[in-house]
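Text of protein_24.csv (CSV, C-alpha atoms) as supplied:
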chain,number,residue,atom,x,y,z
A,22,MET,CA,2.5,3.7,5.6
A,23,LEU,CA,6.1,3.6,4.5
A,24,ASN,CA,6.0,7.2,3.2
A,25,GLU,CA,4.3,8.6,6.3
A,26,ILE,CA,7.3,10.0,8.2
A,27,PHE,CA,5.8,12.9,10.1
A,28,PRO,CA,7.1,15.0,11.9
A,29,LYS,CA,10.0,14.6,9.5
A,30,ARG,CA,9.6,16.2,6.0
A,31,PHE,CA,10.7,14.8,2.6
A,32,PHE,CA,12.1,17.3,0.2
A,33,VAL,CA,12.3,16.0,-3.4
A,34,GLY,CA,13.4,19.1,-5.2
A,35,TYR,CA,16.6,18.5,-7.2
A,36,THR,CA,19.8,20.5,-6.9
A,37,ASP,CA,23.3,19.9,-8.4
A,38,CYS,CA,25.6,19.8,-5.4
A,39,ALA,CA,28.5,18.0,-3.8
A,40,PRO,CA,28.1,16.1,-0.5
A,41,SER,CA,29.4,17.2,2.8
A,42,PRO,CA,31.0,14.9,5.4
A,43,ASP,CA,27.7,14.5,7.3
A,44,ASP,CA,25.6,13.6,4.3
A,45,THR,CA,24.4,10.0,3.7
A,46,ALA,CA,25.7,7.8,0.9
A,47,PHE,CA,23.7,5.1,-0.8
A,48,LEU,CA,25.8,2.3,-2.4
A,49,PHE,CA,23.7,-0.3,-4.3
A,50,ASP,CA,25.0,-3.4,-6.1
A,51,GLY,CA,22.1,-5.1,-7.9
A,52,GLU,CA,19.6,-5.9,-5.2
A,53,THR,CA,21.9,-5.3,-2.3
A,54,LEU,CA,22.8,-2.2,-0.3
A,55,CYS,CA,25.8,-1.2,1.8
A,56,CYS,CA,24.6,-0.7,5.4
A,57,ARG,CA,24.8,-1.9,9.0
A,58,ILE,CA,22.0,-3.5,10.9
A,59,GLU,CA,21.9,-3.0,14.7
A,60,GLY,CA,19.0,-5.0,16.1
A,61,ASP,CA,16.1,-3.8,13.9
A,62,VAL,CA,17.7,-0.4,13.1
A,63,ALA,CA,19.7,0.3,9.9
A,64,VAL,CA,22.7,2.5,9.7
A,65,LEU,CA,23.9,4.0,6.4
A,66,PRO,CA,27.4,5.3,5.8
A,67,LYS,CA,28.3,9.0,5.9
A,68,PHE,CA,30.7,10.7,3.6
A,69,SER,CA,33.1,11.3,6.4
A,70,GLU,CA,33.7,7.5,6.3
A,71,PHE,CA,35.0,7.8,2.7
A,72,PRO,CA,38.2,9.8,3.2
A,73,GLU,CA,39.5,9.1,-0.4
A,74,ILE,CA,36.3,9.1,-2.4
A,75,ASP,CA,35.8,11.4,-5.4
A,76,ASN,CA,32.7,13.5,-4.8
A,77,ARG,CA,32.0,13.7,-8.5
A,78,LYS,CA,31.0,10.1,-8.5
A,79,TYR,CA,27.9,10.9,-6.5
A,80,HIS,CA,24.6,12.5,-7.3
A,81,TYR,CA,22.2,14.3,-5.0
A,82,LEU,CA,18.9,12.5,-4.6
A,83,PHE,CA,16.7,14.3,-1.9
A,84,SER,CA,16.6,15.4,1.7
A,85,ILE,CA,14.6,14.5,4.8
A,86,ASP,CA,14.7,17.5,7.1
A,87,ASP,CA,18.3,18.6,7.1
A,88,GLU,CA,19.7,15.2,6.2
A,89,ARG,CA,20.9,15.0,2.5
A,90,PHE,CA,21.1,11.7,0.6
A,91,PHE,CA,23.4,10.9,-2.3
A,92,LEU,CA,23.7,8.0,-4.7
A,93,LEU,CA,27.0,6.5,-6.0
A,94,ASP,CA,27.0,7.0,-9.8
A,95,THR,CA,25.9,3.7,-11.3
A,96,ARG,CA,28.6,4.0,-14.0
A,97,PHE,CA,31.3,3.4,-11.4
A,98,PRO,CA,32.0,0.2,-9.5
A,99,ASN,CA,31.3,0.5,-5.8
A,100,SER,CA,33.1,-2.6,-4.5
A,101,ALA,CA,36.3,-0.6,-3.8
A,102,VAL,CA,34.6,2.1,-1.8
A,103,SER,CA,32.6,0.1,0.8
A,104,PRO,CA,33.7,1.5,4.2
A,105,ASP,CA,34.8,-0.6,7.1
A,106,GLY,CA,32.1,-1.8,9.5
A,107,TYR,CA,29.4,-2.2,6.8
A,108,GLU,CA,28.1,-5.1,4.9
A,109,TRP,CA,25.9,-5.8,1.9
A,110,GLN,CA,22.2,-6.5,2.7
A,111,GLU,CA,19.2,-7.2,0.5
A,112,TYR,CA,17.3,-3.9,0.1
A,113,GLY,CA,14.1,-5.8,1.0
A,114,ILE,CA,15.1,-5.7,4.7
A,115,PHE,CA,13.7,-2.2,4.8
A,116,ARG,CA,10.2,-3.7,4.8
A,117,THR,CA,10.9,-4.3,8.5
A,118,ALA,CA,14.1,-2.4,9.5
A,119,GLY,CA,13.8,1.1,10.8
A,120,PRO,CA,13.8,4.0,11.5
A,121,ARG,CA,10.8,4.6,9.2
A,122,HIS,CA,12.2,7.7,7.5
A,123,LEU,CA,15.4,5.9,6.6
A,124,ALA,CA,13.4,2.9,5.3
A,125,PHE,CA,11.4,5.3,3.1
A,126,ALA,CA,14.6,7.1,1.9
A,127,THR,CA,16.3,3.8,1.1
A,128,ILE,CA,13.4,2.4,-1.0
A,129,THR,CA,13.0,5.7,-2.8
A,130,ALA,CA,16.8,5.7,-3.5
A,131,TRP,CA,16.5,2.1,-4.8
A,132,GLN,CA,13.8,3.3,-7.2
A,133,LEU,CA,16.1,6.0,-8.5
A,134,TYR,CA,19.1,3.7,-8.6
A,135,ARG,CA,17.3,1.3,-10.9
A,136,TRP,CA,16.1,4.2,-13.1
A,137,TYR,CA,19.6,5.7,-13.5
A,138,LYS,CA,21.0,2.3,-14.5
A,139,GLU,CA,18.3,1.7,-17.0
A,140,SER,CA,18.8,5.2,-18.4
A,141,ALA,CA,22.6,5.0,-19.0
A,142,HIS,CA,21.9,4.9,-22.8
A,143,CYS,CA,19.4,6.9,-24.9
A,144,SER,CA,16.2,5.0,-25.8
A,145,CYS,CA,16.1,6.9,-29.1
A,146,CYS,CA,19.6,6.5,-30.5
A,147,GLY,CA,21.5,4.3,-28.1
A,148,SER,CA,24.2,6.9,-27.2
A,149,GLU,CA,25.4,7.4,-23.7
A,150,THR,CA,23.5,9.8,-21.5
A,151,ASN,CA,24.7,12.5,-19.0
A,152,HIS,CA,23.0,13.4,-15.7
A,153,SER,CA,21.4,16.8,-16.1
A,154,GLU,CA,22.9,19.6,-13.9
A,155,THR,CA,19.6,21.4,-13.6
A,156,GLU,CA,16.9,18.7,-13.0
A,157,ARG,CA,16.5,15.0,-12.2
A,158,ALA,CA,16.9,13.7,-15.7
A,159,CYS,CA,19.3,11.9,-18.1
A,160,VAL,CA,20.2,13.8,-21.3
A,161,CYS,CA,21.5,12.1,-24.4
A,162,LYS,CA,24.9,13.3,-25.4
A,163,LYS,CA,24.2,12.9,-29.2
A,164,CYS,CA,20.5,13.7,-29.9
A,165,GLY,CA,19.6,15.6,-26.8
A,166,HIS,CA,16.6,13.4,-25.8
A,167,ILE,CA,15.7,13.9,-22.2
A,168,LYS,CA,14.4,11.1,-20.0
A,169,TYR,CA,12.7,11.6,-16.6
A,170,PRO,CA,12.1,9.0,-13.8
A,171,THR,CA,9.4,6.5,-14.7
A,172,ILE,CA,6.5,6.3,-12.3
A,173,SER,CA,3.6,3.9,-13.1
A,174,PRO,CA,0.1,4.6,-11.7
A,175,CYS,CA,-1.5,1.6,-10.0
A,176,VAL,CA,-4.9,1.2,-8.2
A,177,ILE,CA,-5.5,-0.7,-4.9
A,178,VAL,CA,-9.2,-1.6,-4.6
A,179,ALA,CA,-11.2,-2.6,-1.6
A,180,VAL,CA,-14.6,-3.9,-2.8
A,181,THR,CA,-17.2,-4.1,0.0
A,182,ASN,CA,-20.5,-5.9,0.2
A,183,GLY,CA,-22.1,-4.9,3.5
A,184,GLU,CA,-20.0,-6.6,6.2
A,185,HIS,CA,-17.8,-8.5,3.6
A,186,LEU,CA,-14.6,-7.5,1.9
A,187,LEU,CA,-13.3,-9.0,-1.4
A,188,VAL,CA,-9.7,-10.3,-0.7
A,189,THR,CA,-7.4,-12.1,-3.0
A,190,ARG,CA,-4.1,-14.1,-3.1
A,191,TYR,CA,-1.7,-13.6,-5.9
A,192,ARG,CA,-0.6,-16.6,-8.0
A,193,GLY,CA,3.2,-17.1,-7.5
A,194,GLY,CA,5.5,-14.6,-6.0
A,195,PRO,CA,6.9,-14.5,-2.5
A,196,HIS,CA,3.9,-13.0,-0.6
A,197,ARG,CA,1.1,-15.4,0.3
A,198,ARG,CA,-0.9,-13.2,2.6
A,199,TYR,CA,-4.4,-11.8,1.7
A,200,ALA,CA,-4.3,-8.8,-0.6
A,201,LEU,CA,-6.8,-6.5,-2.4
A,202,VAL,CA,-7.5,-6.3,-6.1
A,203,ALA,CA,-4.7,-4.2,-7.8
A,204,GLY,CA,-3.6,-3.3,-11.2
A,205,PHE,CA,-1.8,-0.8,-13.5
A,206,SER,CA,-3.7,2.0,-15.3
A,207,GLU,CA,-3.6,1.6,-19.0
A,208,ILE,CA,-3.0,4.3,-21.7
A,209,GLY,CA,-6.0,6.7,-22.0
A,210,GLU,CA,-7.7,5.2,-18.8
A,211,ALA,CA,-8.9,7.2,-15.8
A,212,LEU,CA,-8.1,5.7,-12.4
A,213,GLU,CA,-11.8,5.0,-11.8
A,214,ASP,CA,-12.0,3.1,-15.0
A,215,THR,CA,-8.9,1.1,-14.0
A,216,VAL,CA,-10.8,0.2,-10.8
A,217,ARG,CA,-13.8,-1.1,-12.7
A,218,ARG,CA,-11.7,-3.0,-15.2
A,219,GLU,CA,-9.2,-4.6,-12.8
A,220,VAL,CA,-11.9,-5.8,-10.4
A,221,PHE,CA,-14.0,-7.3,-13.3
A,222,GLU,CA,-10.9,-8.9,-15.0
A,223,GLU,CA,-9.6,-10.5,-11.9
A,224,THR,CA,-12.8,-11.5,-10.2
A,225,GLY,CA,-15.8,-11.1,-12.6
A,226,VAL,CA,-17.4,-8.7,-10.1
A,227,ARG,CA,-18.9,-5.3,-11.0
A,228,VAL,CA,-18.6,-2.3,-8.7
A,229,LYS,CA,-20.2,1.1,-8.0
A,230,ASN,CA,-19.8,4.1,-5.7
A,231,ILE,CA,-16.1,4.4,-6.2
A,232,LYS,CA,-14.5,6.6,-3.6
A,233,TYR,CA,-10.8,7.7,-3.4
A,234,TYR,CA,-9.0,6.8,-0.2
A,235,LYS,CA,-5.4,8.0,-0.4
A,236,SER,CA,-2.2,7.5,-2.4
A,237,GLN,CA,1.2,6.0,-1.7
A,238,PRO,CA,4.6,6.1,-3.6
A,239,TRP,CA,5.9,2.5,-3.7
A,240,GLY,CA,9.5,2.5,-4.7
A,241,PHE,CA,9.8,-1.3,-4.5
A,242,THR,CA,8.0,-1.4,-7.9
A,243,SER,CA,8.4,2.2,-9.1
A,244,THR,CA,4.6,2.7,-8.8
A,245,LEU,CA,2.3,5.4,-7.4
A,246,LEU,CA,-0.5,3.6,-5.7
A,247,ALA,CA,-4.0,5.1,-5.6
A,248,GLY,CA,-6.4,3.5,-3.1
A,249,PHE,CA,-10.1,3.2,-3.7
A,250,PHE,CA,-13.1,1.8,-1.7
A,251,CYS,CA,-16.1,0.8,-3.7
A,252,GLU,CA,-19.3,-1.3,-3.4
A,253,LEU,CA,-20.5,-4.5,-5.1
A,254,ASP,CA,-22.8,-3.8,-8.0
A,255,GLY,CA,-24.9,-6.9,-8.7
A,256,SER,CA,-24.0,-10.5,-8.1
A,257,PRO,CA,-21.3,-11.4,-5.6
A,258,GLU,CA,-20.4,-14.6,-7.5
A,259,ILE,CA,-16.7,-14.7,-8.3
A,260,THR,CA,-15.1,-15.7,-11.6
A,261,LEU,CA,-11.4,-16.1,-10.8
A,262,ASP,CA,-8.7,-15.0,-13.2
A,263,GLU,CA,-6.4,-18.0,-12.6
A,264,ASP,CA,-3.5,-16.4,-14.5
A,265,GLU,CA,-3.3,-13.6,-11.9
A,266,LEU,CA,-4.8,-15.0,-8.7
A,267,SER,CA,-4.8,-18.3,-6.8
A,268,GLU,CA,-7.8,-17.2,-4.7
A,269,ALA,CA,-10.5,-14.6,-4.3
A,270,ILE,CA,-13.1,-14.7,-1.5
A,271,TRP,CA,-15.5,-12.6,0.5
A,272,LEU,CA,-14.4,-12.3,4.2
A,273,THR,CA,-16.4,-10.8,7.0
A,274,ARG,CA,-14.8,-8.1,9.2
A,275,GLU,CA,-14.3,-10.8,11.9
A,276,ASP,CA,-12.5,-13.2,9.5
A,277,ILE,CA,-10.0,-10.7,8.2
A,278,PRO,CA,-6.6,-11.2,9.8
A,279,PRO,CA,-5.2,-8.2,11.7
A,280,ALA,CA,-2.6,-6.2,9.7
A,281,ASP,CA,0.8,-7.7,9.9
A,282,ASN,CA,2.7,-4.6,8.7
A,283,SER,CA,2.3,-0.8,8.8
A,284,ILE,CA,4.1,0.1,5.6
A,285,ALA,CA,1.7,-0.9,2.8
A,286,MET,CA,-1.5,0.8,1.9
A,287,THR,CA,-3.1,-2.6,1.2
A,288,ALA,CA,-2.6,-3.6,4.8
A,289,GLU,CA,-3.9,-0.3,6.0
A,290,MET,CA,-7.1,-0.4,3.9
A,291,MET,CA,-7.9,-3.9,5.0
A,292,GLU,CA,-7.3,-2.9,8.6
A,293,VAL,CA,-9.6,0.1,8.2
A,294,PHE,CA,-12.4,-2.1,7.0
A,295,ARG,CA,-11.7,-4.8,9.6
A,296,LEU,CA,-12.0,-2.3,12.5
A,297,GLY,CA,-15.3,-0.8,11.1
A,298,ARG,CA,-13.8,2.6,10.3
A,299,ILE,CA,-15.3,2.7,6.9

Could you render the structure as structure tokens?
Amino acid sequence: MLNEIFPKRFFVGYTDCAPSPDDTAFLFDGETLCCRIEGDVAVLPKFSEFPEIDNRKYHYLFSIDDERFFLLDTRFPNSAVSPDGYEWQEYGIFRTAGPRHLAFATITAWQLYRWYKESAHCSCCGSETNHSETERACVCKKCGHIKYPTISPCVIVAVTNGEHLLVTRYRGGPHRRYALVAGFSEIGEALEDTVRREVFEETGVRVKNIKYYKSQPWGFTSTLLAGFFCELDGSPEITLDEDELSEAIWLTREDIPPADNSIAMTAEMMEVFRLGRI
């Protein structure tokens, strides 16, 4: 999966520091990122390539091993600081571009970039915010309200019925491949209850024997995914939620297409079932 970068290690702890020449710089502009693509490998600029940049315009994000990553302050325009030899690419290229640890770093940085932009003003009084010097937070200059990064919990559900797996296709959107039932957890709802509700709402199917699989941070949508396997409880007849899905069917292991990517937990869970490993 995208976040599985072993033997490299991701360090998320925050510190207020200035970048060194060898540190990596993230420059986002809307849905584009300043980088260079060499074959299927992405290259991000280092601070040594910005000889005249003011370090105070950057904020530390996180580290992977000894490599530190910084973000250009979203309050400053970045068009004037793009270094020679780089271009603007859609951030979505990191679904396929490597190396894996850099793809994970970029999508996580993209999540923080969106949050910093959305948090430039206080949600309580509308005043401008400052970046905290002690933690990853935005602090209102006027009322002191503190806002932390938003992370939304979401379940990915593999419903099995013997040798069959319940798969779906979303209505609309760019991705037409088979997927699993998924949905956001609501206020006051345990993840297991989200599993039951989402499966029933989208397909009319009831489930039992809910078992946790693993989790995945998914910066594309600022979500924390929790994967579950469960079994059909009762009738396999499907009642499709046509507002959410265009299709929901039961597929045998043999009919499930092989995984077409290694970054998403949905693809991994379907592949685990297809290969008979669960």

- [ ] For a cut-off of 8 Å around (20.7, -1.4, 0.6), file coordinates, pick out all residues using all atoms listed in the file and list them as a PyMOL selection string.
- [x] chain A and resi 47-49+52-56+109-113+127+131

Task: Pairwise distance for CA of Leu65 (chain A) and CA of Tyr107 (chain A), rounded to one decimal in Å - done: 8.3 Å

TODO: Return the single residue from A:Leu266, A:Ile85, A:Ala211, A:Met22 that is closest to Arg197 (chain A), with distances computed using all atoms listed in the file.
DONE: A:Leu266

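All protein, DNA and RNA residues at most 10 Å from (16.1, 14.3, -22.7) are Cys143, Ser144, Cys145, Thr150, Asn151, His152, Ser153, Ala158, Cys159, Val160, Cys161, Lys162, Cys164, Gly165, His166, Ile167, Lys168 and Tyr169 of chain A, using only C-alpha atoms.
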
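Put simply, CA of Pro279 (chain A) is 26.5 Å away from CA of Phe221 (chain A).
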
- [ ] Name all residues at most 10 Å from Asp44 (chain A) (count all atoms listed in the file; drop same-chain ones fewer than 6 positions away) and give them as a PyMOL selection string.
- [x] chain A and resi 65-69+81+84+87-91

TODO: Find the residue from A:Asp214, A:Asp94, A:Glu265, A:Asp50 that sits nearest to Tyr79 (chain A); use all atoms listed in the file when measuring.
DONE: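 Of the candidates, the smallest distance to Tyr79 (chain A) is held by A:Asp94.
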
TODO: Excluding region 119-124 of chain A and residues on its chain fewer than 2 positions from it, collect all residues at most 10 Å away from it, counting all atoms listed in the file, and give them as a PyMOL selection string.
DONE: chain A and resi 22-31+58-65+85+112-117+126-130+284

Expected file: the selected residues, C-alpha atoms, as a CSV table (one decimal), keeping the file's coordinate frame:
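Wrote it out as out_30.csv, contents follow:
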chain,number,residue,atom,x,y,z
A,22,MET,CA,2.5,3.7,5.6
A,23,LEU,CA,6.1,3.6,4.5
A,24,ASN,CA,6.0,7.2,3.2
A,25,GLU,CA,4.3,8.6,6.3
A,26,ILE,CA,7.3,10.0,8.2
A,27,PHE,CA,5.8,12.9,10.1
A,28,PRO,CA,7.1,15.0,11.9
A,29,LYS,CA,10.0,14.6,9.5
A,30,ARG,CA,9.6,16.2,6.0
A,31,PHE,CA,10.7,14.8,2.6
A,58,ILE,CA,22.0,-3.5,10.9
A,59,GLU,CA,21.9,-3.0,14.7
A,60,GLY,CA,19.0,-5.0,16.1
A,61,ASP,CA,16.1,-3.8,13.9
A,62,VAL,CA,17.7,-0.4,13.1
A,63,ALA,CA,19.7,0.3,9.9
A,64,VAL,CA,22.7,2.5,9.7
A,65,LEU,CA,23.9,4.0,6.4
A,85,ILE,CA,14.6,14.5,4.8
A,112,TYR,CA,17.3,-3.9,0.1
A,113,GLY,CA,14.1,-5.8,1.0
A,114,ILE,CA,15.1,-5.7,4.7
A,115,PHE,CA,13.7,-2.2,4.8
A,116,ARG,CA,10.2,-3.7,4.8
A,117,THR,CA,10.9,-4.3,8.5
A,126,ALA,CA,14.6,7.1,1.9
A,127,THR,CA,16.3,3.8,1.1
A,128,ILE,CA,13.4,2.4,-1.0
A,129,THR,CA,13.0,5.7,-2.8
A,130,ALA,CA,16.8,5.7,-3.5
A,284,ILE,CA,4.1,0.1,5.6

For region 186-195 of chain A, work out the shell of residues within 6 Å, counting all atoms listed in the file and skipping chain neighbours fewer than 2 positions away, then give it as a PDB file with C-alpha atoms, keeping the file's coordinate frame.
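Final output, around.pdb:
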ATOM      1  CA  VAL A 180     -14.600  -3.900  -2.800  1.00  0.00           C
ATOM      2  CA  THR A 181     -17.200  -4.100   0.000  1.00  0.00           C
ATOM      3  CA  TYR A 199      -4.400 -11.800   1.700  1.00  0.00           C
ATOM      4  CA  ALA A 200      -4.300  -8.800  -0.600  1.00  0.00           C
ATOM      5  CA  LEU A 201      -6.800  -6.500  -2.400  1.00  0.00           C
ATOM      6  CA  GLU A 265      -3.300 -13.600 -11.900  1.00  0.00           C
ATOM      7  CA  LEU A 266      -4.800 -15.000  -8.700  1.00  0.00           C
ATOM      8  CA  SER A 267      -4.800 -18.300  -6.800  1.00  0.00           C
ATOM      9  CA  GLU A 268      -7.800 -17.200  -4.700  1.00  0.00           C
ATOM     10  CA  ALA A 269     -10.500 -14.600  -4.300  1.00  0.00           C
ATOM     11  CA  ILE A 270     -13.100 -14.700  -1.500  1.00  0.00           C
ATOM     12  CA  TRP A 271     -15.500 -12.600   0.500  1.00  0.00           C
ATOM     13  CA  LEU A 272     -14.400 -12.300   4.200  1.00  0.00           C
TER      14      LEU A 272
END

- [ ] Tell me, in Å to one decimal, how far CA of Phe71 (chain A) is from CA of Phe32 (chain A).
- [x]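 Pair CA of Phe71 (chain A) / CA of Phe32 (chain A) returns 24.9 Å.
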
Open item on the list: Excluding Ser256 (chain A) and its own-chain neighbours fewer than 3 positions away, which residues fall within 10 Å of it when counting all atoms listed in the file? Please give them as a VMD selection string.
Closed with: chain A and resid 225 to 228 253 259

Task: Nearest-residue call for Arg157 (chain A), choices A:Leu133, A:Leu296, A:Ala288, A:Val220, using all atoms listed in the file - done: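 Looking only at the distances to Arg157 (chain A), the closest residue turns out to be A:Leu133.
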
TODO: Give me the residues within 10 Å of Glu70 (chain A) as number ranges by chain, counting all atoms listed in the file and dropping any in the same chain fewer than 6 places off.
DONE: A: 42-43, 45-46, 102-106
